[in-house]
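K.L.:
Pasting in a structure now, in structure tokens, and then I'll have a few things to ask.
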Amino acid sequence: TVGKLEITQAWIRATPPNAKNAGAFMIISNHGTAADRLVAVSSEIANKTELHNHINDEGVMRMREVSHIVIPAHSSTELKPGSYHIMFKGLTKAIKEGDMVMINLKFENAGITTLHTPIKKYKSGSKHKHN
């Protein structure tokens, strides 16, 4: 937790050897009376870490960097495949299932927190939950 925010089900998708990018996902719940925004992320596993969303660009789904992700008051925002997520670009080490990675999250109001985040496999279309 950080401030009135609770972060659960955080995970990073395992990548094949020599992959250049990876994604992180989680649920951010806001137990406060005011909205907050995730405004920055960082991790030593990548040269660059960005906030991303998938958008529909004339019928084609594309990833785009966003300046922030809103976490409404008394609500949750899920960062998940095909939606909002954290993008690690220019990986500096292998992202292997079973390892743990530190991610720094900066929120506009709640401040900064560091997550110890597990690396897990993910199968597209899977109903498997990553707890």
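Lettering and numbering for the structure tokens are positional, with chains as A, B, ... in the shown order, residues counted from 1 in each chain, and ligands counted from 1 in the shown order.
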Using only C-alpha atoms, which protein or nucleic acid residues come within 9 Å of A:Lys80? Drop anything in the same chain fewer than 5 positions from it, and give the result as a PyMOL selection string.
P.N.:
chain A and resi 24-27+85
K.L.:
Each residue of stretch 31-113 of chain A lying at most 12 Å from stretch 8-12 of chain A should get a row with its shortest atom-to-atom pair and the distance in Å to one decimal, counting only C-alpha atoms; could you produce that, ordered by chain and increasing number, as a tab-separated table?
P.N.:
residue	atom	partner	partner_atom	distance
A:Ser43	CA	A:Ile12	CA	11.8
A:Ile45	CA	A:Ile12	CA	11.2
A:Ser76	CA	A:Thr8	CA	10.4
A:Thr77	CA	A:Thr8	CA	10.8
A:Glu78	CA	A:Gln9	CA	9.5
A:Leu79	CA	A:Ala10	CA	8.9
A:Lys80	CA	A:Trp11	CA	9.7
A:Pro81	CA	A:Ile12	CA	10.6
A:His85	CA	A:Ile12	CA	10.0
A:Ile86	CA	A:Ile12	CA	9.0
A:Met87	CA	A:Ile12	CA	9.7
A:Phe88	CA	A:Ile12	CA	9.7
A:Ala94	CA	A:Ile12	CA	11.9
A:Ile95	CA	A:Ile12	CA	8.2
A:Lys96	CA	A:Ile12	CA	9.5
A:Glu97	CA	A:Ile12	CA	8.9
A:Gly98	CA	A:Ile12	CA	10.2
A:Asp99	CA	A:Ile12	CA	9.6
A:Met100	CA	A:Ile12	CA	8.8
A:Val101	CA	A:Ile12	CA	8.2
A:Met102	CA	A:Ile12	CA	10.3
A:Ile103	CA	A:Ile12	CA	9.9
A:Leu105	CA	A:Ala10	CA	11.9
K.L.:
If you count only C-alpha atoms, which residues fall within 7 Å of A:Gly90, apart from same-chain ones fewer than 5 positions away, as a VMD selection string?
P.N.:
chain A and resid 20 to 21 46 to 48
K.L.:
Please provide as JSON, numbers by chain all residues within 10 Å of A:Gly111, with the sequence filter that same-chain residues fewer than 6 positions apart are discarded (counting only C-alpha atoms).
P.N.:
{"A": [2, 3, 5, 36, 37, 38, 39, 105]}
K.L.:
Give me the residues near A:Arg62 as a list in words, where near means some atom within 10 Å (using only C-alpha atoms) and where sequence neighbours in that chain fewer than 3 positions away do not count.
P.N.:
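Within the cut-off, the hits are His52, Asn53, His54, Ile55, Asn56, Asp57, Glu58, Gly59 and Gly82 of chain A.
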K.L.:
Work out how far atom CA of A:Lys4 is from atom CA of A:His31, in Å to one decimal.
P.N.:
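Here the two named atoms are 5.2 Å from each other.
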K.L.:
Interatomic distance between atom CA of A:Val70 and atom CA of A:Ser29?
P.N.:
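Taking atom CA of A:Val70 as the start and atom CA of A:Ser29 as the end point, the length is 10.7 Å.
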K.L.:
Check the DSSP output for the backbone and give back, as an MDAnalysis selection string, the residues of stretch 1-126 of chain A in strand (DSSP E or B).
P.N.:
chainID A and resid 2 5:13 21:30 36:42 46:57 60:65 69:71 75:79 85:91 100:107 111:120
K.L.:
Give me the residues within 9 Å of A:Ala35 as a list in words, counting only C-alpha atoms and dropping any in the same chain fewer than 6 places off.
P.N.:
Val70, Ile71, Pro72, Ala73, His74, Ser75 and Asn109 of chain A
K.L.:
If you measure from atom CA of A:Lys93 to atom CA of A:Glu108, what distance in Å do you get, rounded to one decimal?
P.N.:
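Computing it gives 29.3 Å between the two atoms.
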K.L.:
Have a look at A:Lys106, A:Arg13, A:Arg64, A:Lys89 and name the one nearest to A:Val41; count only C-alpha atoms.
P.N.:
A:Lys106
